[in-house]
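For reference, final-v6.cif (mmCIF, C-alpha atoms and all ligand atoms):
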data_data
loop_
_atom_site.group_PDB
_atom_site.id
_atom_site.type_symbol
_atom_site.label_atom_id
_atom_site.label_comp_id
_atom_site.auth_asym_id
_atom_site.auth_seq_id
_atom_site.Cartn_x
_atom_site.Cartn_y
_atom_site.Cartn_z
ATOM 1 C CA ILE U 16 296.911 73.220 14.851
ATOM 2 C CA ALA U 17 296.185 76.801 13.726
ATOM 3 C CA VAL U 18 292.926 78.528 14.691
ATOM 4 C CA ASP U 19 291.974 78.938 11.014
ATOM 5 C CA ASP U 20 292.500 75.219 10.376
ATOM 6 C CA LEU U 21 290.351 74.413 13.403
ATOM 7 C CA ARG U 22 287.609 76.688 12.059
ATOM 8 C CA VAL U 23 287.691 74.892 8.682
ATOM 9 C CA LEU U 24 287.581 71.463 10.379
ATOM 10 C CA ARG U 25 284.623 72.559 12.482
ATOM 11 C CA GLU U 26 282.758 73.857 9.407
ATOM 12 C CA GLN U 27 283.435 70.602 7.546
ATOM 13 C CA PHE U 28 282.139 68.557 10.476
ATOM 14 C CA VAL U 29 278.981 70.677 10.815
ATOM 15 C CA ASP U 30 278.351 70.273 7.054
ATOM 16 C CA PHE U 31 279.007 66.503 7.338
ATOM 17 C CA MET U 32 276.490 66.127 10.207
ATOM 18 C CA LEU U 33 273.909 68.211 8.341
ATOM 19 C CA GLY U 34 273.889 65.532 5.601
ATOM 20 C CA TYR U 35 272.714 63.003 8.233
ATOM 21 C CA LYS U 36 269.965 65.322 9.431
ATOM 22 C CA PHE U 37 268.726 65.629 5.828
ATOM 23 C CA ALA U 38 268.936 61.833 5.448
ATOM 24 C CA ILE U 39 266.656 61.436 8.513
ATOM 25 C CA ASP U 40 264.212 63.939 6.977
ATOM 26 C CA GLU U 41 264.265 61.996 3.672
ATOM 27 C CA VAL U 42 263.687 58.583 5.284
ATOM 28 C CA THR U 43 260.979 59.933 7.592
ATOM 29 C CA THR U 44 259.161 61.458 4.615
ATOM 30 C CA LYS U 45 259.431 58.200 2.642
ATOM 31 C CA ILE U 46 258.011 56.233 5.594
ATOM 32 C CA ASN U 47 255.160 58.710 6.036
ATOM 33 C CA ILE U 48 254.327 58.418 2.331
ATOM 34 C CA LEU U 49 254.350 54.601 2.557
ATOM 35 C CA ARG U 50 252.124 54.795 5.625
ATOM 36 C CA GLU U 51 249.534 57.044 3.961
ATOM 37 C CA ASP U 52 249.642 55.100 0.704
ATOM 38 C CA PHE U 53 249.300 51.720 2.426
ATOM 39 C CA ASN U 54 246.453 53.062 4.548
ATOM 40 C CA ASN U 55 244.655 54.278 1.439
ATOM 41 C CA THR U 56 245.071 50.968 -0.435
ATOM 42 C CA HIS U 57 244.482 48.520 2.418
ATOM 43 C CA GLU U 58 242.432 50.616 4.850
ATOM 44 C CA TYR U 59 244.916 49.550 7.488
ATOM 45 C CA ASN U 60 247.855 51.350 9.063
ATOM 46 C CA PRO U 61 250.775 49.083 10.056
ATOM 47 C CA ILE U 62 252.806 51.934 11.602
ATOM 48 C CA GLU U 63 252.097 53.120 15.144
ATOM 49 C CA HIS U 64 254.762 55.798 15.224
ATOM 50 C CA VAL U 65 258.042 56.908 13.714
ATOM 51 C CA GLY U 66 260.868 58.435 15.732
ATOM 52 C CA SER U 67 264.345 59.546 14.883
ATOM 53 C CA ARG U 68 267.585 60.667 16.451
ATOM 54 C CA LEU U 69 270.809 62.175 15.206
ATOM 55 C CA LYS U 70 273.865 60.942 17.113
ATOM 56 C CA SER U 71 275.539 63.819 18.935
ATOM 57 C CA PRO U 72 279.003 64.862 17.664
ATOM 58 C CA GLU U 73 280.409 63.699 21.046
ATOM 59 C CA SER U 74 279.013 60.172 20.699
ATOM 60 C CA VAL U 75 280.135 59.951 17.053
ATOM 61 C CA LEU U 76 283.697 60.796 18.130
ATOM 62 C CA GLU U 77 283.445 58.507 21.179
ATOM 63 C CA LYS U 78 282.476 55.589 18.882
ATOM 64 C CA VAL U 79 285.348 56.368 16.487
ATOM 65 C CA ARG U 80 287.761 56.254 19.419
ATOM 66 C CA ARG U 81 286.205 53.142 21.022
ATOM 67 C CA LYS U 82 286.282 51.173 17.765
ATOM 68 C CA ASN U 83 289.682 52.524 16.714
ATOM 69 C CA TYR U 84 288.449 53.896 13.388
ATOM 70 C CA ALA U 85 290.531 56.469 11.511
ATOM 71 C CA MET U 86 289.654 60.023 12.584
ATOM 72 C CA ASN U 87 288.636 61.517 9.237
ATOM 73 C CA LEU U 88 285.264 62.195 7.640
ATOM 74 C CA ALA U 89 285.573 59.534 4.888
ATOM 75 C CA ALA U 90 286.377 56.834 7.454
ATOM 76 C CA ILE U 91 283.572 58.000 9.754
ATOM 77 C CA ARG U 92 281.079 57.867 6.840
ATOM 78 C CA GLU U 93 282.219 54.350 5.986
ATOM 79 C CA ASN U 94 282.360 52.931 9.499
ATOM 80 C CA VAL U 95 279.874 54.691 11.762
ATOM 81 C CA LEU U 96 276.593 53.638 10.220
ATOM 82 C CA ASP U 97 274.196 54.708 12.955
ATOM 83 C CA ILE U 98 274.759 58.475 12.989
ATOM 84 C CA ALA U 99 271.268 58.861 11.525
ATOM 85 C CA GLY U 100 268.703 56.624 13.232
ATOM 86 C CA VAL U 101 265.025 56.160 12.422
ATOM 87 C CA ARG U 102 262.750 53.919 14.467
ATOM 88 C CA VAL U 103 259.494 52.509 13.133
ATOM 89 C CA VAL U 104 257.145 51.071 15.742
ATOM 90 C CA CYS U 105 254.350 48.855 14.492
ATOM 91 C CA SER U 106 251.470 46.927 16.007
ATOM 92 C CA PHE U 107 252.092 43.346 14.912
ATOM 93 C CA ILE U 108 255.102 41.095 14.210
ATOM 94 C CA SER U 109 253.874 40.527 10.650
ATOM 95 C CA ASP U 110 253.963 44.297 10.016
ATOM 96 C CA ILE U 111 257.748 44.300 10.544
ATOM 97 C CA GLY U 112 258.438 42.209 7.427
ATOM 98 C CA ALA U 113 255.857 44.163 5.424
ATOM 99 C CA ILE U 114 257.510 47.480 6.317
ATOM 100 C CA ARG U 115 260.965 46.055 5.635
ATOM 101 C CA ASP U 116 259.880 44.869 2.168
ATOM 102 C CA MET U 117 258.226 48.190 1.317
ATOM 103 C CA LEU U 118 261.387 50.106 2.257
ATOM 104 C CA ALA U 119 263.846 47.685 0.626
ATOM 105 C CA GLY U 120 261.743 47.660 -2.540
ATOM 106 C CA ARG U 121 262.122 51.398 -3.119
ATOM 107 C CA GLU U 122 264.443 52.358 -5.951
ATOM 108 C CA ASP U 123 266.088 55.128 -3.948
ATOM 109 C CA ILE U 124 266.891 52.939 -0.945
ATOM 110 C CA THR U 125 269.826 50.498 -0.924
ATOM 111 C CA VAL U 126 270.007 48.002 1.923
ATOM 112 C CA LEU U 127 273.635 47.762 3.021
ATOM 113 C CA GLU U 128 273.134 45.480 6.025
ATOM 114 C CA GLU U 129 270.339 43.726 7.823
ATOM 115 C CA ARG U 130 270.474 42.521 11.425
ATOM 116 C CA ASP U 131 267.578 40.392 12.535
ATOM 117 C CA TYR U 132 267.513 40.504 16.313
ATOM 118 C CA ILE U 133 264.004 39.014 16.223
ATOM 119 C CA THR U 134 264.945 35.628 14.792
ATOM 120 C CA HIS U 135 268.197 35.879 16.759
ATOM 121 C CA ARG U 136 267.305 37.768 19.917
ATOM 122 C CA LYS U 137 270.241 39.344 21.775
ATOM 123 C CA PRO U 138 271.249 37.441 24.968
ATOM 124 C CA ASN U 139 269.772 40.237 27.146
ATOM 125 C CA GLY U 140 266.397 39.862 25.383
ATOM 126 C CA TYR U 141 266.655 42.770 22.908
ATOM 127 C CA GLN U 142 264.505 42.292 19.801
ATOM 128 C CA SER U 143 264.286 44.474 16.712
ATOM 129 C CA LEU U 144 264.952 44.342 12.991
ATOM 130 C CA HIS U 145 267.801 46.664 12.013
ATOM 131 C CA LEU U 146 268.355 47.794 8.446
ATOM 132 C CA ILE U 147 271.330 49.875 7.466
ATOM 133 C CA VAL U 148 270.278 51.595 4.280
ATOM 134 C CA SER U 149 271.838 54.255 2.153
ATOM 135 C CA ILE U 150 269.863 57.007 0.490
ATOM 136 C CA PRO U 151 270.817 59.840 -1.851
ATOM 137 C CA VAL U 152 270.628 63.304 -0.318
ATOM 138 C CA SER U 153 270.662 66.313 -2.630
ATOM 139 C CA ARG U 154 272.766 69.116 -1.195
ATOM 140 C CA SER U 155 272.999 72.616 -2.677
ATOM 141 C CA ASP U 156 276.140 71.681 -4.638
ATOM 142 C CA ARG U 157 276.226 67.859 -4.772
ATOM 143 C CA THR U 158 274.398 64.634 -4.092
ATOM 144 C CA GLU U 159 275.756 62.335 -1.415
ATOM 145 C CA ARG U 160 274.696 58.860 -0.332
ATOM 146 C CA ILE U 161 274.176 58.743 3.402
ATOM 147 C CA PRO U 162 273.748 55.643 5.598
ATOM 148 C CA VAL U 163 270.756 55.501 7.946
ATOM 149 C CA GLU U 164 270.000 52.865 10.571
ATOM 150 C CA ILE U 165 266.314 51.946 10.538
ATOM 151 C CA GLN U 166 265.047 49.974 13.527
ATOM 152 C CA ILE U 167 261.707 48.238 13.045
ATOM 153 C CA ARG U 168 259.977 46.710 16.066
ATOM 154 C CA THR U 169 256.584 46.126 17.704
ATOM 155 C CA ILE U 170 255.129 48.224 20.519
ATOM 156 C CA ALA U 171 255.978 45.443 23.006
ATOM 157 C CA MET U 172 259.609 45.221 21.784
ATOM 158 C CA ASP U 173 259.863 49.013 21.938
ATOM 159 C CA PHE U 174 258.445 49.131 25.467
ATOM 160 C CA TRP U 175 261.027 46.557 26.576
ATOM 161 C CA ALA U 176 263.942 48.294 24.805
ATOM 162 C CA SER U 177 263.173 51.726 26.237
ATOM 163 C CA LEU U 178 263.051 50.418 29.799
ATOM 164 C CA GLU U 179 266.191 48.309 29.308
ATOM 165 C CA HIS U 180 267.981 51.357 27.888
ATOM 166 C CA LYS U 181 267.108 53.396 31.013
ATOM 167 C CA ILE U 182 268.222 50.585 33.341
ATOM 168 C CA TYR U 183 271.458 50.090 31.367
ATOM 169 C CA TYR U 184 272.334 53.777 31.685
ATOM 170 C CA LYS U 185 271.295 53.961 35.326
ATOM 171 C CA TYR U 186 273.757 51.162 36.162
ATOM 172 C CA ARG U 187 276.324 52.407 33.602
ATOM 173 C CA GLY U 188 276.298 49.071 31.809
ATOM 174 C CA GLU U 189 276.773 47.004 35.004
ATOM 175 C CA VAL U 190 273.191 45.752 35.434
ATOM 176 C CA PRO U 191 272.881 43.522 38.546
ATOM 177 C CA PRO U 192 272.228 39.813 37.747
ATOM 178 C CA ASN U 193 268.727 39.762 39.315
ATOM 179 C CA LEU U 194 267.628 42.710 37.133
ATOM 180 C CA ARG U 195 269.199 41.068 34.073
ATOM 181 C CA ALA U 196 267.228 37.891 34.752
ATOM 182 C CA ASP U 197 263.997 39.888 35.206
ATOM 183 C CA LEU U 198 264.653 41.759 31.951
ATOM 184 C CA ALA U 199 265.218 38.496 30.061
ATOM 185 C CA GLN U 200 261.950 37.187 31.511
ATOM 186 C CA ALA U 201 260.127 40.401 30.556
ATOM 187 C CA ALA U 202 261.426 39.980 26.974
ATOM 188 C CA GLU U 203 259.885 36.498 26.936
ATOM 189 C CA VAL U 204 256.549 37.933 28.130
ATOM 190 C CA ALA U 205 256.765 40.618 25.416
ATOM 191 C CA THR U 206 257.221 37.873 22.791
ATOM 192 C CA GLN U 207 254.221 35.965 24.155
ATOM 193 C CA LEU U 208 252.126 39.148 24.023
ATOM 194 C CA ASP U 209 253.252 39.789 20.435
ATOM 195 C CA GLU U 210 252.296 36.241 19.430
ATOM 196 C CA LYS U 211 248.909 36.521 21.159
ATOM 197 C CA MET U 212 248.191 39.875 19.478
ATOM 198 C CA GLU U 213 249.237 38.451 16.087
ATOM 199 C CA GLY U 214 246.781 35.568 16.588
ATOM 200 C CA LEU U 215 243.952 37.969 17.485
ATOM 201 C CA HIS U 216 244.824 40.161 14.514
ATOM 202 C CA ARG U 217 244.584 37.161 12.146
ATOM 203 C CA GLN U 218 241.210 36.138 13.597
ATOM 204 C CA VAL U 219 239.818 39.660 13.156
ATOM 205 C CA ASP U 220 241.221 39.762 9.611
ATOM 206 C CA ARG U 221 239.650 36.397 8.717
ATOM 207 C CA GLY U 222 236.353 37.559 10.245
ATOM 208 C CA ALA U 223 236.443 40.706 8.126
ATOM 209 C CA HIS U 224 237.052 38.654 4.951
ATOM 210 C CA THR U 225 234.208 36.252 5.766
ATOM 211 C CA ARG U 226 231.847 39.150 6.497
ATOM 212 C CA LYS U 227 232.875 40.794 3.233
ATOM 213 C CA SER U 228 232.272 37.653 1.118
ATOM 214 C CA GLU U 229 228.922 37.106 2.869
ATOM 215 C CA ALA U 230 227.951 40.711 2.114
ATOM 216 C CA ASP U 231 229.174 40.327 -1.509
ATOM 217 C CA SER U 232 227.106 37.180 -2.004
ATOM 218 C CA LEU U 233 223.996 39.063 -0.777
ATOM 219 C CA ASP U 234 224.489 41.740 -3.471
HETATM 220 P P1 LIG M 1 270.874 54.883 21.091
HETATM 221 O O1 LIG M 1 270.780 55.606 22.395
HETATM 222 O O2 LIG M 1 269.594 54.213 20.687
HETATM 223 O O3 LIG M 1 271.454 55.711 20.015
HETATM 224 P P2 LIG M 1 277.446 49.505 18.709
HETATM 225 O O4 LIG M 1 276.822 50.830 18.269
HETATM 226 O O5 LIG M 1 278.765 49.208 18.106
HETATM 227 O O6 LIG M 1 277.397 49.318 20.201
HETATM 228 P P3 LIG M 1 276.333 48.032 16.609
HETATM 229 O O7 LIG M 1 276.780 46.610 16.457
HETATM 230 O O8 LIG M 1 276.897 49.074 15.699
HETATM 231 O O9 LIG M 1 276.516 48.429 18.131
HETATM 232 O O10 LIG M 1 274.809 48.133 16.419
HETATM 233 P P4 LIG M 1 273.599 47.278 16.980
HETATM 234 O O11 LIG M 1 273.917 46.606 18.277
HETATM 235 O O12 LIG M 1 273.090 46.448 15.862
HETATM 236 O O13 LIG M 1 272.540 48.417 17.240
HETATM 237 C C1 LIG M 1 272.822 49.597 17.896
HETATM 238 C C2 LIG M 1 271.522 50.275 18.305
HETATM 239 O O14 LIG M 1 270.480 49.314 18.471
HETATM 240 C C3 LIG M 1 271.675 50.943 19.641
HETATM 241 O O15 LIG M 1 272.087 52.248 19.421
HETATM 242 C C4 LIG M 1 270.270 50.850 20.241
HETATM 243 O O16 LIG M 1 269.433 51.857 19.709
HETATM 244 C C5 LIG M 1 269.805 49.518 19.709
HETATM 245 N N1 LIG M 1 270.179 48.415 20.597
HETATM 246 C C6 LIG M 1 271.053 47.420 20.306
HETATM 247 N N2 LIG M 1 271.147 46.571 21.335
HETATM 248 C C7 LIG M 1 270.341 47.021 22.297
HETATM 249 C C8 LIG M 1 270.007 46.555 23.607
HETATM 250 O O17 LIG M 1 270.504 45.546 24.093
HETATM 251 N N3 LIG M 1 269.111 47.295 24.316
HETATM 252 C C9 LIG M 1 268.533 48.418 23.812
HETATM 253 N N4 LIG M 1 267.661 49.066 24.590
HETATM 254 N N5 LIG M 1 268.833 48.899 22.582
HETATM 255 C C10 LIG M 1 269.711 48.205 21.843
HETATM 256 P P5 LIG M 1 272.932 53.046 20.510
HETATM 257 O O18 LIG M 1 273.729 54.044 19.773
HETATM 258 O O19 LIG M 1 273.683 52.060 21.380
HETATM 259 O O20 LIG M 1 271.897 53.709 21.421
#
Give the structure from the file, written as structure tokens.
Amino acid sequence: IAVDDLRVLREQFVDFMLGYKFAIDEVTTKINILREDFNNTHEYNPIEHVGSRLKSPESVLEKVRRKNYAMNLAAIRENVLDIAGVRVVCSFISDIGAIRDMLAGREDITVLEERDYITHRKPNGYQSLHLIVSIPVSRSDRTERIPVEIQIRTIAMDFWASLEHKIYYKYRGEVPPNLRADLAQAAEVATQLDEKMEGLHRQVDRGAHTRKSEADSLD
């Protein structure tokens, strides 16, 4: 392959990846707008924090090789759907569905796939709601639709996943059975905590409504 051809390929790849960076910026902005708007209307903020990551060119190419996808940009766009990743961490289980509905209800977001690892927890204990969405990104000379993976989970699920991720990498995927069992147990405890917090949240909510109607009836 000639040096000039290599240079063109490199430029095309850099331009391709830039689209995903812009898609992350777009989704993050949309989520921040939803957060502020929801907070203003309901005086309640369901989102604890929003994070994002752009897959490195090396891991994009590694995934293409591992999954045997064709090595061209069109095939990568079609098959590798987690190049742009946005993570939304919320306080309560019920917030997850609310955030999902707010995002899916937007005209400029199309949900391509939904994976509910909360109803169907992964065997290792992993829990999260994954949405693969596509959003239009306006470039200087065109508009392209870019896929973004949005992971929505509670603080407890996020805490579990970040520790599991570290352990998985430390053992290069070969986690010893005793640690695997402990992780599965920790996932169970995380679920119990989430359910307890949801219960408390409901009680506080009901209390607030009762106090409000009592105050209204005094007016
Ligand atoms: P990172 O470092 O977060 O970018 P595949 O990508 O093919 O292995 P698939 O089927 O395309 O998997 O997607 P899946 O399993 O629905 O979700 C992939 C992403 O979800 C992962 O991205 C993780 O972020 C997260 N995830 C899925 N399963 C687990 C798990 O068991 N533990 C933890 N901690 N995270 C998980 P990456 O690119 O693997 O990692």
Between CA of Ala99 (chain U) and CA of Tyr84 (chain U) - distance in Å to one decimal:
18.0 Å
Test item: the PyMOL selection byres (((not hetatm)) within 10 of (chain M and resi 1)) resolved as a compact mmCIF listing (two decimals) with C-alpha atoms, in the frame of the given file:
# COMPACT_ATOMS: atom_id res chain seq x y z
CA SER U 67 264.35 59.55 14.88
CA ARG U 68 267.58 60.67 16.45
CA LEU U 69 270.81 62.18 15.21
CA LYS U 70 273.86 60.94 17.11
CA SER U 71 275.54 63.82 18.93
CA SER U 74 279.01 60.17 20.70
CA VAL U 75 280.14 59.95 17.05
CA LYS U 78 282.48 55.59 18.88
CA VAL U 79 285.35 56.37 16.49
CA ARG U 81 286.20 53.14 21.02
CA LYS U 82 286.28 51.17 17.76
CA ASN U 94 282.36 52.93 9.50
CA VAL U 95 279.87 54.69 11.76
CA LEU U 96 276.59 53.64 10.22
CA ASP U 97 274.20 54.71 12.96
CA ILE U 98 274.76 58.48 12.99
CA ALA U 99 271.27 58.86 11.52
CA GLY U 100 268.70 56.62 13.23
CA VAL U 101 265.02 56.16 12.42
CA ARG U 102 262.75 53.92 14.47
CA GLU U 128 273.13 45.48 6.02
CA GLU U 129 270.34 43.73 7.82
CA ARG U 130 270.47 42.52 11.42
CA ASP U 131 267.58 40.39 12.54
CA TYR U 132 267.51 40.50 16.31
CA ARG U 136 267.30 37.77 19.92
CA LYS U 137 270.24 39.34 21.78
CA PRO U 138 271.25 37.44 24.97
CA ASN U 139 269.77 40.24 27.15
CA GLY U 140 266.40 39.86 25.38
CA TYR U 141 266.65 42.77 22.91
CA GLN U 142 264.50 42.29 19.80
CA SER U 143 264.29 44.47 16.71
CA LEU U 144 264.95 44.34 12.99
CA HIS U 145 267.80 46.66 12.01
CA LEU U 146 268.36 47.79 8.45
CA ILE U 147 271.33 49.88 7.47
CA GLU U 164 270.00 52.86 10.57
CA ILE U 165 266.31 51.95 10.54
CA GLN U 166 265.05 49.97 13.53
CA MET U 172 259.61 45.22 21.78
CA ASP U 173 259.86 49.01 21.94
CA PHE U 174 258.44 49.13 25.47
CA TRP U 175 261.03 46.56 26.58
CA ALA U 176 263.94 48.29 24.80
CA SER U 177 263.17 51.73 26.24
CA LEU U 178 263.05 50.42 29.80
CA GLU U 179 266.19 48.31 29.31
CA HIS U 180 267.98 51.36 27.89
CA LYS U 181 267.11 53.40 31.01
CA ILE U 182 268.22 50.58 33.34
CA TYR U 183 271.46 50.09 31.37
CA TYR U 184 272.33 53.78 31.68
As a check of understanding, name the residues that the PyMOL selection byres (((chain U and resi 115) around 12) and not hetatm) selects in the supplied structure, as number ranges by chain.
U: 46, 49, 61-62, 102-105, 108-114, 116-121, 124-126, 129-131, 143-148, 165-168
Hey, what's within 8 Å of Glu51 (chain U) if we count only C-alpha atoms and toss same-chain stuff fewer than 4 positions away? As a VMD selection string, please?
chain U and resid 47 55 60
Serialized selection, C-alpha atoms, as a PDB file, in the coordinates of the input:
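The resulting selection17.pdb:
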ATOM      1  CA  ASN U  47     255.160  58.710   6.036  1.00  0.00           C
ATOM      2  CA  ASN U  55     244.655  54.278   1.439  1.00  0.00           C
ATOM      3  CA  ASN U  60     247.855  51.350   9.063  1.00  0.00           C
TER       4      ASN U  60
END
May I ask for the distance between CA of Gln27 (chain U) and CA of Leu127 (chain U), given in Å to one decimal place?
25.3 Å
Missing atoms in region 32-54 of chain U: can you complete it with N, CA and C atoms, as a PDB file, keeping the file's coordinate frame?
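Generated output (result_23.pdb):
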ATOM      1  N   MET U  32     277.605  66.542   9.354  1.00  0.00           N
ATOM      2  CA  MET U  32     276.490  66.127  10.207  1.00  0.00           C
ATOM      3  C   MET U  32     275.139  66.561   9.623  1.00  0.00           C
ATOM      4  N   LEU U  33     275.150  67.711   8.946  1.00  0.00           N
ATOM      5  CA  LEU U  33     273.909  68.211   8.341  1.00  0.00           C
ATOM      6  C   LEU U  33     273.373  67.212   7.305  1.00  0.00           C
ATOM      7  N   GLY U  34     274.288  66.559   6.579  1.00  0.00           N
ATOM      8  CA  GLY U  34     273.889  65.532   5.601  1.00  0.00           C
ATOM      9  C   GLY U  34     273.057  64.444   6.272  1.00  0.00           C
ATOM     10  N   TYR U  35     273.436  64.057   7.505  1.00  0.00           N
ATOM     11  CA  TYR U  35     272.714  63.003   8.233  1.00  0.00           C
ATOM     12  C   TYR U  35     271.338  63.488   8.685  1.00  0.00           C
ATOM     13  N   LYS U  36     271.270  64.772   9.032  1.00  0.00           N
ATOM     14  CA  LYS U  36     269.965  65.322   9.431  1.00  0.00           C
ATOM     15  C   LYS U  36     269.021  65.275   8.225  1.00  0.00           C
ATOM     16  N   PHE U  37     269.556  65.660   7.037  1.00  0.00           N
ATOM     17  CA  PHE U  37     268.726  65.629   5.828  1.00  0.00           C
ATOM     18  C   PHE U  37     268.320  64.187   5.493  1.00  0.00           C
ATOM     19  N   ALA U  38     269.241  63.235   5.736  1.00  0.00           N
ATOM     20  CA  ALA U  38     268.936  61.833   5.448  1.00  0.00           C
ATOM     21  C   ALA U  38     267.773  61.365   6.331  1.00  0.00           C
ATOM     22  N   ILE U  39     267.768  61.785   7.610  1.00  0.00           N
ATOM     23  CA  ILE U  39     266.656  61.436   8.513  1.00  0.00           C
ATOM     24  C   ILE U  39     265.357  62.018   7.962  1.00  0.00           C
ATOM     25  N   ASP U  40     265.419  63.298   7.528  1.00  0.00           N
ATOM     26  CA  ASP U  40     264.212  63.939   6.977  1.00  0.00           C
ATOM     27  C   ASP U  40     263.707  63.160   5.763  1.00  0.00           C
ATOM     28  N   GLU U  41     264.641  62.750   4.883  1.00  0.00           N
ATOM     29  CA  GLU U  41     264.265  61.996   3.672  1.00  0.00           C
ATOM     30  C   GLU U  41     263.587  60.676   4.038  1.00  0.00           C
ATOM     31  N   VAL U  42     264.236  59.902   4.931  1.00  0.00           N
ATOM     32  CA  VAL U  42     263.687  58.583   5.284  1.00  0.00           C
ATOM     33  C   VAL U  42     262.335  58.737   5.980  1.00  0.00           C
ATOM     34  N   THR U  43     262.241  59.724   6.881  1.00  0.00           N
ATOM     35  CA  THR U  43     260.979  59.933   7.592  1.00  0.00           C
ATOM     36  C   THR U  43     259.861  60.267   6.603  1.00  0.00           C
ATOM     37  N   THR U  44     260.170  61.108   5.624  1.00  0.00           N
ATOM     38  CA  THR U  44     259.161  61.458   4.615  1.00  0.00           C
ATOM     39  C   THR U  44     258.750  60.221   3.820  1.00  0.00           C
ATOM     40  N   LYS U  45     259.744  59.408   3.420  1.00  0.00           N
ATOM     41  CA  LYS U  45     259.431  58.200   2.642  1.00  0.00           C
ATOM     42  C   LYS U  45     258.520  57.276   3.453  1.00  0.00           C
ATOM     43  N   ILE U  46     258.824  57.115   4.752  1.00  0.00           N
ATOM     44  CA  ILE U  46     258.011  56.233   5.594  1.00  0.00           C
ATOM     45  C   ILE U  46     256.600  56.799   5.740  1.00  0.00           C
ATOM     46  N   ASN U  47     256.491  58.113   5.904  1.00  0.00           N
ATOM     47  CA  ASN U  47     255.160  58.710   6.036  1.00  0.00           C
ATOM     48  C   ASN U  47     254.346  58.545   4.759  1.00  0.00           C
ATOM     49  N   ILE U  48     255.026  58.631   3.610  1.00  0.00           N
ATOM     50  CA  ILE U  48     254.327  58.418   2.331  1.00  0.00           C
ATOM     51  C   ILE U  48     253.850  56.962   2.233  1.00  0.00           C
ATOM     52  N   LEU U  49     254.739  56.022   2.595  1.00  0.00           N
ATOM     53  CA  LEU U  49     254.350  54.601   2.557  1.00  0.00           C
ATOM     54  C   LEU U  49     253.152  54.359   3.471  1.00  0.00           C
ATOM     55  N   ARG U  50     253.200  54.980   4.652  1.00  0.00           N
ATOM     56  CA  ARG U  50     252.124  54.795   5.625  1.00  0.00           C
ATOM     57  C   ARG U  50     250.781  55.269   5.056  1.00  0.00           C
ATOM     58  N   GLU U  51     250.785  56.481   4.475  1.00  0.00           N
ATOM     59  CA  GLU U  51     249.534  57.044   3.961  1.00  0.00           C
ATOM     60  C   GLU U  51     249.033  56.246   2.754  1.00  0.00           C
ATOM     61  N   ASP U  52     249.992  55.848   1.899  1.00  0.00           N
ATOM     62  CA  ASP U  52     249.642  55.100   0.704  1.00  0.00           C
ATOM     63  C   ASP U  52     249.066  53.737   1.062  1.00  0.00           C
ATOM     64  N   PHE U  53     249.734  53.057   1.999  1.00  0.00           N
ATOM     65  CA  PHE U  53     249.300  51.720   2.426  1.00  0.00           C
ATOM     66  C   PHE U  53     247.909  51.817   3.056  1.00  0.00           C
ATOM     67  N   ASN U  54     247.734  52.845   3.876  1.00  0.00           N
ATOM     68  CA  ASN U  54     246.453  53.062   4.548  1.00  0.00           C
ATOM     69  C   ASN U  54     245.336  53.260   3.527  1.00  0.00           C
TER      70      ASN U  54
END
